[in-house]
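**Q** The following block contains the structure, expressed as structure tokens.
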Protein chains: 2
Amino acid sequence: MSMAIEDYLKAIYLIGRSDRAVSTSSLAERLMISPASVTEMVKKLAGKRLVRHAPYRGVTLTEKGRRMALSTLRNHRLIELFLHRVLGLSWDKVHNEAERWEHVISPEVIDLIDRHLGHPSVDPHGAPIPTADGLIEYGNCLPLSDIQPKSRVEIVRVRERDPELLRYLEKLHLVPGNKFELISFEPYGGPVTLKYKGKKISLGLE
Amino acid sequence: MSMAIEDYLKAIYLIGRSDRAVSTSSLAERLMISPASVTEMVKKLAGKRLVRHAPYRGVTLTEKGRRMALSTLRNHRLIELFLHRVLGLSWDKVHNEAERWEHVISPEVIDLIDRHLGHPSVDPHGAPIPTADGLIEYGNCLPLSDIQPKSRVEIVRVRERDPELLRYLEKLHLVPGNKFELISFEPYGGPVTLKYKGKKISLGLE
DNA sequence: AATAATATTTAGGTAGTCCTAAATATTAAA
DNA sequence: TTTAATATTTAGGACTACCTAAATATTATT
């Protein structure tokens with residue numbers, strides 16, 4: 001399977017979480033490819049029985065497509081962790097690097113990486129790593145915006161991918177594993193205030 | 001630069017050792033691409049000032065082309081060593097894996113790999129690793145066939161790439177670093193006899 | 001229910017990298 | 001030196017994955 005196909009399947013999985021139908025335009029936006037090209041590729045994927053496509057109604061992964069998507073996602077996340085833990089690549093850079101590696105690493109080497117890391121369950125952003133046989137376990141956590149003020153929280157996962165933003169969050173200690181106290185939400189999209197080791201932190205609602 | 005271009009430049013370097021003119025057909029054979037396609041691509045490379053091409057007379061790398069070839073070769077050999085030493089991938093498999101990785105790893109990560117390995121000078125087959133600024137130092141060694149019987153020899157480099165052959169050579173301890181006594185050459189392409197730690201070994205002249 | 005706005009698909013192209021078959025150059029042999 | 005063998009290039013295609021512009025479907029609004 002080509003790198004392009006792997007990218008499409010992974011994107012469909014990530015947008016639709018394996019079950020929901022995914023629109024052409026959301027795929028186009030995520031992959032930064034024109035909607036027309038996406039339609040074309042989706043038809044090819046349907047021909048290969050990797051997705052189901054009802055014209056004008058979006059795409060869903062077939063079982064075969066889902067397996068492939070999870071395999072690529074597994075590669076991606078194991079590679080991110082490997083780059084971070086073994087080679088010391090900073091957490092804002094691992095995503096883009098893994099985005100290319102994920103397509104060229106053989107299953108045998110992925111297994112070696114998995115073993116070298118001790119069969120980890122999450123990547124450096126706290127995202128769960130699918131197992132070799134396509135299982136994925138989502139930790140139960142809530143978006144910060146759904147949490148009541150005054151609670152103590154532990155960062156479990158950071159969904160952003162923009163390197164600049166990730167560097168900023170790291171400076172504020174907003175990385176998986178760290179614990180905060182949620183002080184307040186300002187209304188009308190105002191800033192959130194958190195406390196980490198006695199220090200107060202404010203941030204906008206991205 | 002595309003993966004295909006990187007492969008062509010690397011092959012031109014490896015066949016011509018950076019200076020000799022390389023024929024279309026030797027490139028075609030090494031890359032397993034039809035001669036016609038090679039001619040076409042060579043014209044494109046000449047347009048990008050990566051090679052000089054005199055029709056019917058072969059190609060040579062320009063300085064720019066040589067730099068790119070050595071950069072890809074450096075990636076390839078650092079990756080081979082990394083796969084072998086860090087992940088424990090067997091020496092017969094590292095070449096094919098590195099053949100794909102070499103095109104997707106960023107310069108920053110290659111530097112991290114280089115540092116992690118302690119700035120090594122040779123890959124698992126004993127081939128020299130070019131430096132980041134395009135220098136490459138060939139150890140002085142001779143092909144086994146040029147050595148006088150009765151000498152003691154150390155294997156410095158193994159040029160083969162075929163996995164099955166590499167596994168065979170490893171079983172015979174014919175890997176870089178090991179020392180042998182060269183017993184005899186049988187004439188007319190007959191077998192070579194070596195002694196390793198008291199045990200005799202015979203092999204054909206591949 | 002008709003119309004406007006938005007989303008999606010179709011039509012027609014392009015660039016990159018490969019192919020086979022035919023034509024042409026070079027080199028080796030008679 | 002003419003001919004035969006071999007190497008290289010040209011011509012014409014194919015396939016993948018992208019594009020823009022135009023056509024068509026869906027959905028939201030009046």
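If you're wondering about the labels, chains in the structure tokens are A, B, ... by order shown, residues count from 1 in each chain, ligands from 1 in order shown.
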Output chain B as a short mmCIF file (atom, residue, chain, number, x, y, z; two decimals) with C-alpha atoms, in the first residue's frame, after least-squares fitting it to chain A on all in-order C-alpha pairs.
**A**
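So out-v3.cif came out as:
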data_model
loop_
_atom_site.label_atom_id
_atom_site.label_comp_id
_atom_site.auth_asym_id
_atom_site.auth_seq_id
_atom_site.Cartn_x
_atom_site.Cartn_y
_atom_site.Cartn_z
CA MET B 1 0.02 -0.09 -0.01
CA SER B 2 1.29 3.37 -0.89
CA MET B 3 2.14 6.08 1.60
CA ALA B 4 -0.78 8.15 0.32
CA ILE B 5 -3.24 5.34 1.03
CA GLU B 6 -1.85 4.87 4.51
CA ASP B 7 -2.26 8.57 5.18
CA TYR B 8 -5.89 8.56 4.03
CA LEU B 9 -6.81 5.54 6.15
CA LYS B 10 -5.13 6.98 9.21
CA ALA B 11 -6.89 10.32 8.74
CA ILE B 12 -10.27 8.62 8.30
CA TYR B 13 -9.68 6.70 11.50
CA LEU B 14 -8.56 9.75 13.44
CA ILE B 15 -11.44 11.93 12.31
CA GLY B 16 -14.17 9.32 12.62
CA ARG B 17 -12.77 7.20 15.46
CA SER B 18 -13.28 4.09 13.34
CA ASP B 19 -17.10 4.16 13.17
CA ARG B 20 -18.49 7.59 12.22
CA ALA B 21 -18.77 8.56 8.57
CA VAL B 22 -16.16 11.10 7.53
CA SER B 23 -16.84 13.88 5.03
CA THR B 24 -14.71 14.57 2.00
CA SER B 25 -14.04 18.09 3.18
CA SER B 26 -12.84 17.15 6.66
CA LEU B 27 -10.44 14.69 5.07
CA ALA B 28 -9.33 17.30 2.56
CA GLU B 29 -8.70 19.81 5.32
CA ARG B 30 -6.74 17.41 7.50
CA LEU B 31 -4.62 16.06 4.67
CA MET B 32 -4.27 19.47 3.02
CA ILE B 33 -5.38 18.04 -0.30
CA SER B 34 -8.12 19.45 -2.53
CA PRO B 35 -11.62 17.98 -2.02
CA ALA B 36 -11.64 16.84 -5.63
CA SER B 37 -8.51 14.77 -5.12
CA VAL B 38 -9.96 13.29 -1.97
CA THR B 39 -13.10 12.16 -3.79
CA GLU B 40 -10.94 10.50 -6.40
CA MET B 41 -8.78 8.68 -3.88
CA VAL B 42 -11.78 7.64 -1.81
CA LYS B 43 -13.20 5.93 -4.88
CA LYS B 44 -9.96 4.05 -5.26
CA LEU B 45 -9.99 3.02 -1.60
CA ALA B 46 -13.57 1.80 -2.00
CA GLY B 47 -12.44 -0.27 -5.00
CA LYS B 48 -9.83 -1.91 -2.77
CA ARG B 49 -12.45 -2.60 -0.11
CA LEU B 50 -10.67 -0.42 2.43
CA VAL B 51 -13.58 1.99 2.87
CA ARG B 52 -17.29 2.19 2.10
CA HIS B 53 -18.30 5.27 0.18
CA ALA B 54 -21.83 6.55 -0.28
CA PRO B 55 -21.42 9.54 -2.64
CA TYR B 56 -22.20 12.84 -0.89
CA ARG B 57 -22.52 10.97 2.44
CA GLY B 58 -18.94 10.38 3.50
CA VAL B 59 -16.71 7.37 4.03
CA THR B 60 -16.33 4.74 6.74
CA LEU B 61 -13.54 2.23 7.16
CA THR B 62 -14.13 -1.44 6.46
CA GLU B 63 -12.61 -3.95 8.84
CA LYS B 64 -9.65 -4.32 6.51
CA GLY B 65 -9.24 -0.54 6.32
CA ARG B 66 -9.48 -0.19 10.07
CA ARG B 67 -6.77 -2.78 10.57
CA MET B 68 -4.46 -0.94 8.21
CA ALA B 69 -5.23 2.42 9.81
CA LEU B 70 -4.45 1.08 13.26
CA SER B 71 -1.26 -0.50 12.05
CA THR B 72 -0.05 2.84 10.68
CA LEU B 73 -1.16 4.60 13.85
CA ARG B 74 0.71 2.05 15.95
CA ASN B 75 3.83 2.68 13.89
CA HIS B 76 3.39 6.42 14.27
CA ARG B 77 3.02 6.41 18.02
CA LEU B 78 5.73 3.88 18.74
CA ILE B 79 8.08 5.90 16.57
CA GLU B 80 7.18 9.13 18.37
CA LEU B 81 7.98 7.59 21.71
CA PHE B 82 11.15 6.01 20.41
CA LEU B 83 12.38 9.30 18.98
CA HIS B 84 11.65 11.03 22.27
CA ARG B 85 12.89 8.46 24.75
CA VAL B 86 15.80 6.86 22.92
CA LEU B 87 17.10 9.68 20.75
CA GLY B 88 16.00 12.60 22.88
CA LEU B 89 14.11 14.40 20.12
CA SER B 90 11.98 17.13 21.65
CA TRP B 91 8.25 16.42 21.91
CA ASP B 92 7.23 19.15 19.49
CA LYS B 93 9.28 17.55 16.69
CA VAL B 94 8.39 13.89 17.03
CA HIS B 95 5.10 14.12 15.15
CA ASN B 96 6.47 15.40 11.86
CA GLU B 97 9.34 12.95 11.91
CA ALA B 98 7.08 9.99 12.69
CA GLU B 99 4.72 11.12 9.92
CA ARG B 100 7.37 10.01 7.43
CA TRP B 101 8.91 7.05 9.27
CA GLU B 102 5.57 5.36 9.81
CA HIS B 103 5.42 4.42 6.12
CA VAL B 104 8.80 2.77 5.77
CA ILE B 105 9.43 0.75 8.90
CA SER B 106 8.97 -3.02 8.55
CA PRO B 107 6.76 -4.95 10.98
CA GLU B 108 9.83 -6.76 12.28
CA VAL B 109 11.56 -3.53 13.21
CA ILE B 110 8.40 -2.09 14.72
CA ASP B 111 8.33 -5.13 16.99
CA LEU B 112 11.94 -4.52 17.95
CA ILE B 113 11.11 -0.92 18.78
CA ASP B 114 8.08 -2.01 20.79
CA ARG B 115 10.22 -4.46 22.75
CA HIS B 116 13.01 -1.94 23.23
CA LEU B 117 10.49 0.45 24.79
CA GLY B 118 8.97 -2.26 26.99
CA HIS B 119 5.59 -2.48 25.21
CA PRO B 120 4.49 1.03 26.06
CA SER B 121 0.82 2.00 26.09
CA VAL B 122 0.99 5.72 25.27
CA ASP B 123 3.09 8.05 23.11
CA PRO B 124 4.75 11.30 24.31
CA HIS B 125 1.47 13.20 23.93
CA GLY B 126 -0.44 10.64 25.96
CA ALA B 127 -2.19 9.10 22.94
CA PRO B 128 -2.82 5.36 23.25
CA ILE B 129 -0.71 2.99 21.13
CA PRO B 130 -2.72 0.29 19.33
CA THR B 131 -1.47 -3.25 19.88
CA ALA B 132 -0.05 -5.37 17.09
CA ASP B 133 -3.43 -7.07 16.68
CA GLY B 134 -5.37 -3.85 16.30
CA LEU B 135 -6.69 -3.18 19.79
CA ILE B 136 -6.63 0.33 21.18
CA GLU B 137 -7.55 1.38 24.67
CA TYR B 138 -8.58 4.93 25.32
CA GLY B 139 -7.77 6.10 28.83
CA ASN B 140 -10.79 7.77 30.36
CA CYS B 141 -10.08 11.43 30.62
CA LEU B 142 -11.98 14.63 29.94
CA PRO B 143 -11.15 17.77 28.01
CA LEU B 144 -9.97 20.48 30.39
CA SER B 145 -13.01 22.53 29.42
CA ASP B 146 -15.35 19.88 30.90
CA ILE B 147 -13.81 19.89 34.35
CA GLN B 148 -15.20 21.67 37.40
CA PRO B 149 -13.11 24.48 38.88
CA LYS B 150 -11.35 23.64 42.15
CA SER B 151 -10.62 20.05 41.07
CA ARG B 152 -7.19 18.51 41.00
CA VAL B 153 -6.34 17.19 37.55
CA GLU B 154 -3.56 15.20 35.93
CA ILE B 155 -2.72 15.89 32.32
CA VAL B 156 -3.25 12.61 30.50
CA ARG B 157 -3.19 13.69 26.92
CA VAL B 158 -2.36 16.70 24.75
CA ARG B 159 -4.05 16.60 21.36
CA GLU B 160 -2.29 19.51 19.66
CA ARG B 161 0.29 18.94 16.95
CA ASP B 162 1.57 22.41 16.19
CA PRO B 163 5.25 22.49 17.27
CA GLU B 164 5.20 26.08 18.45
CA LEU B 165 2.14 25.49 20.62
CA LEU B 166 3.67 22.32 22.02
CA ARG B 167 6.82 24.17 23.02
CA TYR B 168 4.66 26.77 24.75
CA LEU B 169 2.68 24.12 26.62
CA GLU B 170 5.86 22.39 27.72
CA LYS B 171 7.16 25.64 29.15
CA LEU B 172 3.97 25.83 31.22
CA HIS B 173 4.50 22.21 32.37
CA LEU B 174 1.35 21.18 30.55
CA VAL B 175 2.67 17.75 29.61
CA PRO B 176 1.22 14.29 30.31
CA GLY B 177 1.89 13.15 33.86
CA ASN B 178 1.91 16.54 35.53
CA LYS B 179 -0.75 17.40 38.11
CA PHE B 180 -2.55 20.71 38.47
CA GLU B 181 -5.25 22.36 40.45
CA LEU B 182 -7.92 23.91 38.28
CA ILE B 183 -8.62 27.33 39.75
CA SER B 184 -11.15 29.03 37.49
CA PHE B 185 -12.66 29.52 34.07
CA GLU B 186 -13.27 33.04 32.93
CA PRO B 187 -16.58 33.19 31.07
CA TYR B 188 -17.03 34.18 27.39
CA GLY B 189 -13.97 32.20 26.25
CA GLY B 190 -11.71 33.91 28.75
CA PRO B 191 -8.59 32.33 30.16
CA VAL B 192 -8.37 29.22 32.32
CA THR B 193 -6.31 29.47 35.48
CA LEU B 194 -4.39 26.50 36.81
CA LYS B 195 -1.93 26.05 39.63
CA TYR B 196 1.18 23.88 39.29
CA LYS B 197 3.52 23.47 42.26
CA GLY B 198 2.28 26.70 43.79
CA LYS B 199 2.63 28.74 40.60
CA LYS B 200 -0.41 30.08 38.80
CA ILE B 201 -0.79 29.67 35.05
CA SER B 202 -3.29 31.32 32.72
CA LEU B 203 -4.08 30.15 29.24
CA GLY B 204 -6.60 30.88 26.50
CA LEU B 205 -9.09 28.29 25.36
CA GLU B 206 -7.43 26.75 22.30
#
**Q** Select from chain C every residue with an atom at most 9 Å from any atom of chain A, then for each give the shortest pair of atoms and their distance in Å to one decimal, using only C-alpha atoms (C1' of nucleotides), rows by chain and rising number, as a tab-separated table.
**A**
residue	atom	partner	partner_atom	distance
C:DA7	C1'	A:Ser25	CA	7.5
C:DT8	C1'	A:Tyr56	CA	5.7
C:DT9	C1'	A:Thr39	CA	7.0
C:DT10	C1'	A:Ala36	CA	8.9
**Q** Report as number ranges by chain the set of chain D residues whose atoms approach chain B to within 8 Å, with distances computed over only C-alpha atoms (C1' of nucleotides).
**A** D: 7-9
**Q** Give the alpha helix (DSSP H) residues of stretch 45-149 of chain B, as DSSP finds them on the backbone, and put them as a PyMOL selection string.
**A** chain B and resi 45-47+63-85+94-101+107-116
**Q** May I have the selected residues written with N, CA and C atoms, as a CSV table (one decimal), in the first residue's frame?
**A**
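And here's selection28.csv as it stands now:
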chain,number,residue,atom,x,y,z
B,45,LEU,N,18.4,14.7,-14.1
B,45,LEU,CA,19.4,15.0,-13.1
B,45,LEU,C,20.4,16.0,-13.7
B,46,ALA,N,20.7,15.8,-15.0
B,46,ALA,CA,21.6,16.8,-15.6
B,46,ALA,C,21.0,18.2,-15.6
B,47,GLY,N,19.7,18.2,-15.9
B,47,GLY,CA,19.0,19.5,-15.9
B,47,GLY,C,19.1,20.2,-14.5
B,63,GLU,N,29.7,18.3,-8.2
B,63,GLU,CA,30.0,18.5,-6.8
B,63,GLU,C,28.7,18.4,-6.0
B,64,LYS,N,27.7,19.1,-6.5
B,64,LYS,CA,26.4,19.1,-5.8
B,64,LYS,C,25.8,17.7,-5.7
B,65,GLY,N,25.9,17.0,-6.8
B,65,GLY,CA,25.4,15.6,-6.8
B,65,GLY,C,26.2,14.7,-5.9
B,66,ARG,N,27.5,14.9,-5.8
B,66,ARG,CA,28.3,14.1,-5.0
B,66,ARG,C,28.0,14.4,-3.5
B,67,ARG,N,27.8,15.6,-3.2
B,67,ARG,CA,27.4,15.9,-1.8
B,67,ARG,C,26.1,15.2,-1.4
B,68,MET,N,25.1,15.3,-2.3
B,68,MET,CA,23.8,14.6,-2.0
B,68,MET,C,24.0,13.1,-1.9
B,69,ALA,N,24.8,12.5,-2.8
B,69,ALA,CA,25.0,11.1,-2.8
B,69,ALA,C,25.6,10.7,-1.4
B,70,LEU,N,26.6,11.5,-1.0
B,70,LEU,CA,27.3,11.1,0.2
B,70,LEU,C,26.4,11.3,1.4
B,71,SER,N,25.5,12.3,1.4
B,71,SER,CA,24.6,12.5,2.4
B,71,SER,C,23.6,11.3,2.6
B,72,THR,N,23.1,10.8,1.4
B,72,THR,CA,22.2,9.6,1.5
B,72,THR,C,23.0,8.4,2.0
B,73,LEU,N,24.2,8.3,1.5
B,73,LEU,CA,25.1,7.1,1.9
B,73,LEU,C,25.3,7.2,3.4
B,74,ARG,N,25.6,8.4,3.9
B,74,ARG,CA,25.8,8.5,5.3
B,74,ARG,C,24.6,8.1,6.1
B,75,ASN,N,23.4,8.6,5.7
B,75,ASN,CA,22.2,8.1,6.3
B,75,ASN,C,22.1,6.6,6.3
B,76,HIS,N,22.3,6.0,5.1
B,76,HIS,CA,22.1,4.6,5.0
B,76,HIS,C,23.0,3.8,6.0
B,77,ARG,N,24.3,4.2,6.1
B,77,ARG,CA,25.2,3.4,6.9
B,77,ARG,C,25.0,3.7,8.4
B,78,LEU,N,24.7,4.9,8.7
B,78,LEU,CA,24.4,5.2,10.1
B,78,LEU,C,23.1,4.4,10.6
B,79,ILE,N,22.1,4.4,9.7
B,79,ILE,CA,20.9,3.6,10.0
B,79,ILE,C,21.2,2.1,10.1
B,80,GLU,N,22.0,1.6,9.2
B,80,GLU,CA,22.3,0.2,9.3
B,80,GLU,C,23.0,-0.2,10.7
B,81,LEU,N,23.9,0.7,11.1
B,81,LEU,CA,24.6,0.4,12.3
B,81,LEU,C,23.6,0.5,13.5
B,82,PHE,N,22.8,1.6,13.4
B,82,PHE,CA,21.8,1.8,14.5
B,82,PHE,C,20.8,0.6,14.6
B,83,LEU,N,20.3,0.2,13.5
B,83,LEU,CA,19.4,-1.0,13.5
B,83,LEU,C,20.1,-2.2,14.1
B,84,HIS,N,21.4,-2.4,13.8
B,84,HIS,CA,22.1,-3.6,14.3
B,84,HIS,C,22.4,-3.4,15.8
B,85,ARG,N,23.0,-2.3,16.1
B,85,ARG,CA,23.5,-2.2,17.5
B,85,ARG,C,22.5,-1.8,18.5
B,94,VAL,N,19.7,-5.5,7.7
B,94,VAL,CA,19.8,-4.0,7.9
B,94,VAL,C,19.8,-3.3,6.6
B,95,HIS,N,20.4,-3.9,5.5
B,95,HIS,CA,20.5,-3.1,4.3
B,95,HIS,C,19.1,-2.8,3.7
B,96,ASN,N,18.3,-3.7,3.6
B,96,ASN,CA,17.0,-3.5,3.0
B,96,ASN,C,16.1,-2.5,3.8
B,97,GLU,N,16.2,-2.6,5.1
B,97,GLU,CA,15.5,-1.6,6.0
B,97,GLU,C,16.1,-0.2,5.8
B,98,ALA,N,17.4,-0.1,5.8
B,98,ALA,CA,18.0,1.2,5.7
B,98,ALA,C,17.7,1.8,4.3
B,99,GLU,N,17.6,1.0,3.3
B,99,GLU,CA,17.3,1.4,1.9
B,99,GLU,C,16.0,2.3,1.9
B,100,ARG,N,15.1,2.0,2.8
B,100,ARG,CA,13.9,2.9,2.8
B,100,ARG,C,14.0,4.0,3.8
B,101,TRP,N,14.6,3.8,5.0
B,101,TRP,CA,14.7,4.8,6.0
B,101,TRP,C,15.6,6.0,5.5
B,107,PRO,N,17.9,15.6,8.9
B,107,PRO,CA,19.3,15.8,9.3
B,107,PRO,C,19.4,15.9,10.8
B,108,GLU,N,18.5,16.5,11.5
B,108,GLU,CA,18.6,16.6,12.9
B,108,GLU,C,18.6,15.2,13.6
B,109,VAL,N,17.7,14.3,13.1
B,109,VAL,CA,17.6,13.0,13.7
B,109,VAL,C,18.9,12.2,13.3
B,110,ILE,N,19.4,12.4,12.1
B,110,ILE,CA,20.6,11.6,11.7
B,110,ILE,C,21.7,12.0,12.7
B,111,ASP,N,21.8,13.3,13.0
B,111,ASP,CA,22.8,13.8,14.0
B,111,ASP,C,22.6,13.1,15.3
B,112,LEU,N,21.4,13.0,15.8
B,112,LEU,CA,21.1,12.3,17.0
B,112,LEU,C,21.5,10.9,17.0
B,113,ILE,N,21.3,10.2,15.9
B,113,ILE,CA,21.7,8.8,15.7
B,113,ILE,C,23.2,8.7,15.8
B,114,ASP,N,23.9,9.6,15.0
B,114,ASP,CA,25.3,9.6,15.0
B,114,ASP,C,25.9,9.8,16.4
B,115,ARG,N,25.3,10.7,17.2
B,115,ARG,CA,25.8,11.0,18.5
B,115,ARG,C,25.5,9.7,19.4
B,116,HIS,N,24.3,9.2,19.3
B,116,HIS,CA,24.0,8.0,20.1
B,116,HIS,C,24.9,6.9,19.8
**Q** Using Å and a single decimal, report how far atom C1' of D:DA11 sits from atom C1' of C:DG16.
**A**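 Going from atom C1' of C:DG16 over to atom C1' of D:DA11 covers 18.2 Å.
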**Q** Excluding stretch 2-5 of chain D and any residue of its chain fewer than 5 positions from it, enumerate the residues within 10 Å of it, using only C-alpha atoms (C1' of nucleotides), and give them as a PyMOL selection string.
**A** chain C and resi 27-30
**Q** Would you mind exporting the chosen residues as an mmCIF file, in the first residue's frame, restricted to C-alpha atoms (C1' of nucleotides)?
**A**
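Final output, again.cif:
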data_model
loop_
_atom_site.group_PDB
_atom_site.id
_atom_site.type_symbol
_atom_site.label_atom_id
_atom_site.label_comp_id
_atom_site.auth_asym_id
_atom_site.auth_seq_id
_atom_site.Cartn_x
_atom_site.Cartn_y
_atom_site.Cartn_z
ATOM 1 C "C1'" DT C 27 32.187 -1.144 -30.342
ATOM 2 C "C1'" DA C 28 33.804 -5.633 -31.711
ATOM 3 C "C1'" DA C 29 34.365 -9.149 -35.178
ATOM 4 C "C1'" DA C 30 34.853 -10.864 -39.657
#
**Q** Please compute the atom C1' of C:DT3-atom C1' of D:DA23 distance, one decimal, in Å.
**A**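 Computed distance, atom C1' of C:DT3 to atom C1' of D:DA23, equals 17.9 Å.
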**Q** Considering only C-alpha atoms (C1' of nucleotides), return as a PyMOL selection string whatever protein or nucleic-acid residues lie within 12 Å of D:DC15, sequence-local ones (same chain, fewer than 5 positions apart) excluded.
**A** chain C and resi 16-19
**Q** Produce a file of the selected residues containing N, CA and C atoms (P, O5', C5', C4', C3', O3' and C1' of nucleotides), as a short mmCIF file (atom, residue, chain, number, x, y, z; two decimals), in the first residue's frame.
**A**
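result32.cif, freshly written:
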data_model
loop_
_atom_site.label_atom_id
_atom_site.label_comp_id
_atom_site.auth_asym_id
_atom_site.auth_seq_id
_atom_site.Cartn_x
_atom_site.Cartn_y
_atom_site.Cartn_z
P DG C 16 8.11 17.19 -11.94
"O5'" DG C 16 8.02 15.67 -11.49
"C5'" DG C 16 7.63 15.37 -10.16
"C4'" DG C 16 7.58 13.87 -10.02
"C3'" DG C 16 8.85 13.18 -10.52
"O3'" DG C 16 9.27 12.24 -9.54
"C1'" DG C 16 6.95 12.26 -11.58
P DT C 17 10.70 11.60 -9.55
"O5'" DT C 17 10.44 10.16 -10.17
"C5'" DT C 17 9.62 9.26 -9.46
"C4'" DT C 17 9.25 8.13 -10.37
"C3'" DT C 17 10.45 7.50 -11.09
"O3'" DT C 17 10.56 6.16 -10.66
"C1'" DT C 17 8.58 7.76 -12.52
P DC C 18 11.85 5.28 -10.99
"O5'" DC C 18 11.37 4.35 -12.21
"C5'" DC C 18 10.69 3.16 -11.96
"C4'" DC C 18 9.59 2.92 -12.98
"C3'" DC C 18 9.98 2.27 -14.29
"O3'" DC C 18 10.27 0.90 -14.12
"C1'" DC C 18 8.22 3.82 -14.58
P DC C 19 11.10 0.14 -15.25
"O5'" DC C 19 10.02 -0.22 -16.39
"C5'" DC C 19 8.78 -0.80 -16.05
"C4'" DC C 19 7.92 -0.86 -17.31
"C3'" DC C 19 8.66 -1.36 -18.54
"O3'" DC C 19 8.49 -2.76 -18.66
"C1'" DC C 19 7.43 0.62 -19.05
#
**Q** Compile the contact shell of D:DT30 as a list of chain:residue names: residues with an atom at most 12 Å away, counting only C-alpha atoms (C1' of nucleotides), same-chain residues fewer than 6 positions apart removed.
**A**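 Answer for this query is C:DA1, C:DA2, C:DT3, C:DA4.
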**Q** Out of stretch 3-197 of chain B, which residues get strand (DSSP E) from DSSP, as JSON, numbers by chain?
**A** {"B": [51, 52, 53, 59, 60, 61, 152, 153, 154, 179, 180, 181, 182, 183, 184, 185, 192, 193, 194, 195, 196]}
**Q** In Å, how far is it from atom C1' of D:DA17 to atom C1' of C:DT6?
**A**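 Atom C1' of C:DT6 lies 26.1 Å from atom C1' of D:DA17.
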